[in-house]
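Just below is one structure, and these are the notes that go with it.
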Amino acid sequence: VEIREAVLGPTHPDLANGLRNLAALLALSGRVQDGRALLARAQEIYEAALGTEHPAVAGVLSALADFDRRLRQGSLAVASLRTALDIRMKAFDARHPEVALTLADLGGAYLAEGNADMALEQFRSAHAIIAASFGPGHRYTAQALNNMAGAESALGQHDAAERRYREALAIQREALGEEHPDLATTWGNLASLLRDAGRAGEALEAARTAATILERRFLGPASTVLEGQDSERLSRRDSFLFAVDLALEAAAGAASAGERELLIAEALHAAQLA
């Protein structure tokens, strides 16, 4: 970044590109606030050099929204994404995949703020674009179904949400195979839904399926990992096995179904983060 600024000057778009890359690295190291400051500077450069309605501005606004969500500044994230959506709808066709992506991000921001009705509206629009652009059997369509189901679940529309999750699973099996991580995500979402609906046994099975997919996909057979003596892989394996053990312990020893399913959800979350 320092070299680009010295060679190109402080207002060149390539400097802004470098700032975005550096911001992403800072976020990976936990320095989200510092990364956000770099993104804000990149936005200023893009707007000065390219104009306020250039797609590059929309891109940095979407990145800012992601950082703001991490910083628990949900209202800022929504505002940035609404502006990004306006820019992209002017720059591209209204049914362009970039528009769908922004709609999905906006839906996620609304959902995080507790506004499930607005989230579902964005997710439905995104799904329509994605299904038309990529086809009903594409993995992106399955992800769009996942998003819609999440909003429906938040609204208490459990039957509709379950149908969408199971439709997403069918698409993912056909497009990706039985053990792709995308299926683990959907199984985990379905486990949470079933938990909320009071269907403890089914929720546990869904959580087990998700954890098993993740372990097999990323770790391989336990004996192979142990023989490799790779400390990072061993640590990840321990996290997965802990997640599975916690789910089993929760099913056997929790005082209530609600407590049991909360532990299952936490176990799955631990597995996904491992």
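The chains in the structure tokens are called A, B, ... from first to last as shown; in each chain the residues are counted from 1, and the ligands are counted from 1 in the order shown.
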Practice prompt. DSSP on the backbone, then: every residue of segment 106-186 of chain A marked alpha helix (DSSP H), written as a PyMOL selection string.
Written response: chain A and resi 106-112+116-134+139-154+158-176+181-186
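Put simply, atom CA of Leu103 of chain A is 23.7 Å away from atom CA of Trp187 of chain A.
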Check which residues of segment 39-130 of chain A sit at most 12 Å from segment 155-175 of chain A using only C-alpha atoms, and return one row each with the closest pair of atoms and their distance in Å to one decimal, ordered by chain and rising number, as a tab-separated table.
```
residue	atom	partner	partner_atom	distance
A:Leu111	CA	A:Leu155	CA	10.3
A:Gly114	CA	A:Leu155	CA	9.9
A:Asn115	CA	A:Leu155	CA	9.3
A:Ala116	CA	A:Leu155	CA	6.4
A:Asp117	CA	A:Leu155	CA	7.5
A:Met118	CA	A:Leu155	CA	10.9
A:Ala119	CA	A:Leu155	CA	10.3
A:Leu120	CA	A:Leu155	CA	9.2
A:Arg124	CA	A:Arg164	CA	11.9
A:His127	CA	A:Arg164	CA	11.6
```
File dump, residues just selected, all heavy atoms, as a compact mmCIF listing (two decimals), in the first residue's frame:
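For reference, result.txt as written:
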```txt
# COMPACT_ATOMS: atom_id res chain seq x y z
N LEU A 111 -32.14 -9.21 8.93
CA LEU A 111 -32.42 -10.32 9.84
C LEU A 111 -31.61 -10.18 11.13
O LEU A 111 -32.13 -10.43 12.23
CB LEU A 111 -32.10 -11.64 9.15
CG LEU A 111 -32.60 -12.92 9.83
CD1 LEU A 111 -34.12 -12.89 9.98
CD2 LEU A 111 -32.16 -14.14 9.03
N GLY A 114 -33.21 -8.02 13.53
CA GLY A 114 -34.50 -8.46 14.03
C GLY A 114 -35.68 -8.11 13.15
O GLY A 114 -36.84 -8.30 13.56
N ASN A 115 -35.43 -7.63 11.94
CA ASN A 115 -36.50 -7.26 11.04
C ASN A 115 -36.68 -8.37 10.00
O ASN A 115 -36.26 -8.27 8.85
CB ASN A 115 -36.18 -5.93 10.34
CG ASN A 115 -37.38 -5.34 9.62
OD1 ASN A 115 -38.33 -6.05 9.31
ND2 ASN A 115 -37.34 -4.05 9.37
N ALA A 116 -37.33 -9.46 10.44
CA ALA A 116 -37.46 -10.63 9.58
C ALA A 116 -38.37 -10.39 8.39
O ALA A 116 -38.19 -10.99 7.32
CB ALA A 116 -37.96 -11.82 10.40
N ASP A 117 -39.37 -9.54 8.53
CA ASP A 117 -40.26 -9.25 7.41
C ASP A 117 -39.50 -8.61 6.25
O ASP A 117 -39.64 -9.02 5.10
CB ASP A 117 -41.39 -8.32 7.86
CG ASP A 117 -42.45 -9.04 8.69
OD1 ASP A 117 -42.97 -10.07 8.21
OD2 ASP A 117 -42.73 -8.60 9.81
N MET A 118 -38.71 -7.59 6.56
CA MET A 118 -37.91 -6.95 5.51
C MET A 118 -36.86 -7.90 4.96
O MET A 118 -36.56 -7.89 3.76
CB MET A 118 -37.26 -5.69 6.06
CG MET A 118 -38.21 -4.51 6.22
SD MET A 118 -38.87 -3.95 4.61
CE MET A 118 -37.41 -3.26 3.85
N ALA A 119 -36.29 -8.73 5.84
CA ALA A 119 -35.30 -9.70 5.39
C ALA A 119 -35.91 -10.65 4.37
O ALA A 119 -35.32 -10.92 3.31
CB ALA A 119 -34.76 -10.48 6.58
N LEU A 120 -37.10 -11.16 4.67
CA LEU A 120 -37.74 -12.11 3.76
C LEU A 120 -38.04 -11.47 2.41
O LEU A 120 -37.89 -12.11 1.36
CB LEU A 120 -39.03 -12.65 4.40
CG LEU A 120 -39.78 -13.72 3.60
CD1 LEU A 120 -38.89 -14.90 3.28
CD2 LEU A 120 -41.02 -14.18 4.37
N ARG A 124 -36.55 -13.06 -0.96
CA ARG A 124 -37.41 -13.52 -2.05
C ARG A 124 -36.99 -12.91 -3.39
O ARG A 124 -36.95 -13.60 -4.41
CB ARG A 124 -38.86 -13.16 -1.74
CG ARG A 124 -39.54 -14.08 -0.74
CD ARG A 124 -40.92 -13.58 -0.39
NE ARG A 124 -41.65 -14.54 0.45
CZ ARG A 124 -42.69 -14.24 1.20
NH1 ARG A 124 -43.16 -12.99 1.21
NH2 ARG A 124 -43.28 -15.16 1.93
N HIS A 127 -33.80 -14.60 -4.50
CA HIS A 127 -34.06 -15.95 -4.99
C HIS A 127 -34.61 -15.93 -6.42
O HIS A 127 -34.20 -16.75 -7.26
CB HIS A 127 -35.03 -16.67 -4.06
CG HIS A 127 -35.49 -18.00 -4.58
ND1 HIS A 127 -36.67 -18.17 -5.25
CD2 HIS A 127 -34.90 -19.22 -4.54
CE1 HIS A 127 -36.80 -19.44 -5.60
NE2 HIS A 127 -35.75 -20.10 -5.18
```
Worksheet item: Which residue gives the smallest distance to Leu81 of chain A among A:Phe67, A:Pro97, A:Glu179, A:Ala109, with only C-alpha atoms counted?
Response: A:Ala109
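Pairwise distance (atom CA of Pro10 of chain A, atom CA of Ile45 of chain A) equals 8.0 Å.
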Worksheet item: Can you list, as a ChimeraX atom specification, every protein, DNA or RNA residue that comes within 12 Å of Phe134 of chain A when you count only C-alpha atoms, leaving out same-chain residues fewer than 3 positions away?
Response: /A:95-97,100,126-131,137-144
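If you look at atom CA of Arg195 of chain A and atom CA of Tyr110 of chain A, they are 23.0 Å away from each other.
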Spatial neighbours of Lys90 of chain A, max dist 10 Å, only C-alpha atoms, sep filter under 4 positions, as a PDB file with C-alpha atoms, in the first residue's frame:
```pdb
ATOM      1  CA  GLU A  53     -22.407   5.849  -8.459  1.00  0.00           C
ATOM      2  CA  HIS A  54     -19.584   3.676  -9.757  1.00  0.00           C
ATOM      3  CA  PRO A  55     -19.820  -0.090  -9.075  1.00  0.00           C
ATOM      4  CA  LEU A  85     -28.171  -1.748  -4.007  1.00  0.00           C
ATOM      5  CA  ASP A  86     -29.232   1.563  -5.548  1.00  0.00           C
ATOM      6  CA  ALA A  94     -32.206  -5.144 -12.258  1.00  0.00           C
ATOM      7  CA  VAL A  99     -28.061  -7.142  -7.566  1.00  0.00           C
TER       8      VAL A  99
END
```
Practice prompt. Write out as a ChimeraX atom specification the residues lying within 6 Å of segment 202-212 of chain A, counting only C-alpha atoms and excluding same-chain residues fewer than 3 positions away.
Written response: /A:184,187-188,191,194-195,199,215
Emit the selected residues as a compact mmCIF listing (two decimals), in the first residue's frame, including N, CA and C atoms.
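Contents of selection_10.txt, freshly written:
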```
# COMPACT_ATOMS: atom_id res chain seq x y z
N ALA A 184 -23.86 -29.56 5.10
CA ALA A 184 -23.72 -29.45 6.55
C ALA A 184 -24.39 -28.18 7.05
N TRP A 187 -28.18 -28.77 6.86
CA TRP A 187 -28.58 -29.68 7.94
C TRP A 187 -28.56 -28.95 9.28
N GLY A 188 -27.57 -28.10 9.49
CA GLY A 188 -27.50 -27.34 10.73
C GLY A 188 -28.65 -26.37 10.88
N ALA A 191 -31.63 -28.34 11.73
CA ALA A 191 -31.58 -28.76 13.14
C ALA A 191 -32.09 -27.65 14.05
N LEU A 194 -35.91 -27.43 13.67
CA LEU A 194 -36.59 -28.53 14.34
C LEU A 194 -36.53 -28.37 15.85
N ARG A 195 -35.41 -27.86 16.33
CA ARG A 195 -35.30 -27.56 17.76
C ARG A 195 -36.37 -26.56 18.18
N ARG A 199 -39.13 -30.51 18.06
CA ARG A 199 -38.92 -31.86 17.54
C ARG A 199 -37.48 -32.27 17.84
N GLU A 215 -16.76 -33.35 9.65
CA GLU A 215 -15.58 -34.12 10.06
C GLU A 215 -14.99 -34.89 8.90
```
Item to complete: Within 12 Å of Arg69 of chain A, counting only C-alpha atoms, which residues show up once you throw out same-chain ones fewer than 4 positions away? Write them as a ChimeraX atom specification, please.
Response: /A:32-33,36,62-65,73-81,105-106,108-113
Item to complete: Find the residues near Leu26 of chain A: any atom within 12 Å, counting only C-alpha atoms, skip ones fewer than 4 places away on the same chain, and give them as a PyMOL selection string.
Response: chain A and resi 19-22+30-39+67
Worksheet entry | Option closest in space to Thr185 of chain A, from A:Leu25, A:Asn147, A:Asp93, A:Ala197 [counting only C-alpha atoms] | A:Asn147
Fill in: Residue nearest Glu47 of chain A among A:Thr11, A:Ser29, A:Asn17, A:Thr83 (counting only C-alpha atoms)
A:Thr11
Discussion item. Measuring between only C-alpha atoms, which one of A:Ile213, A:Gly150, A:Thr102, A:Gly9 shows the shortest distance to Pro181 of chain A?
Written reply: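 Looking at the shortest contact to Pro181 of chain A, the residue is A:Ile213.
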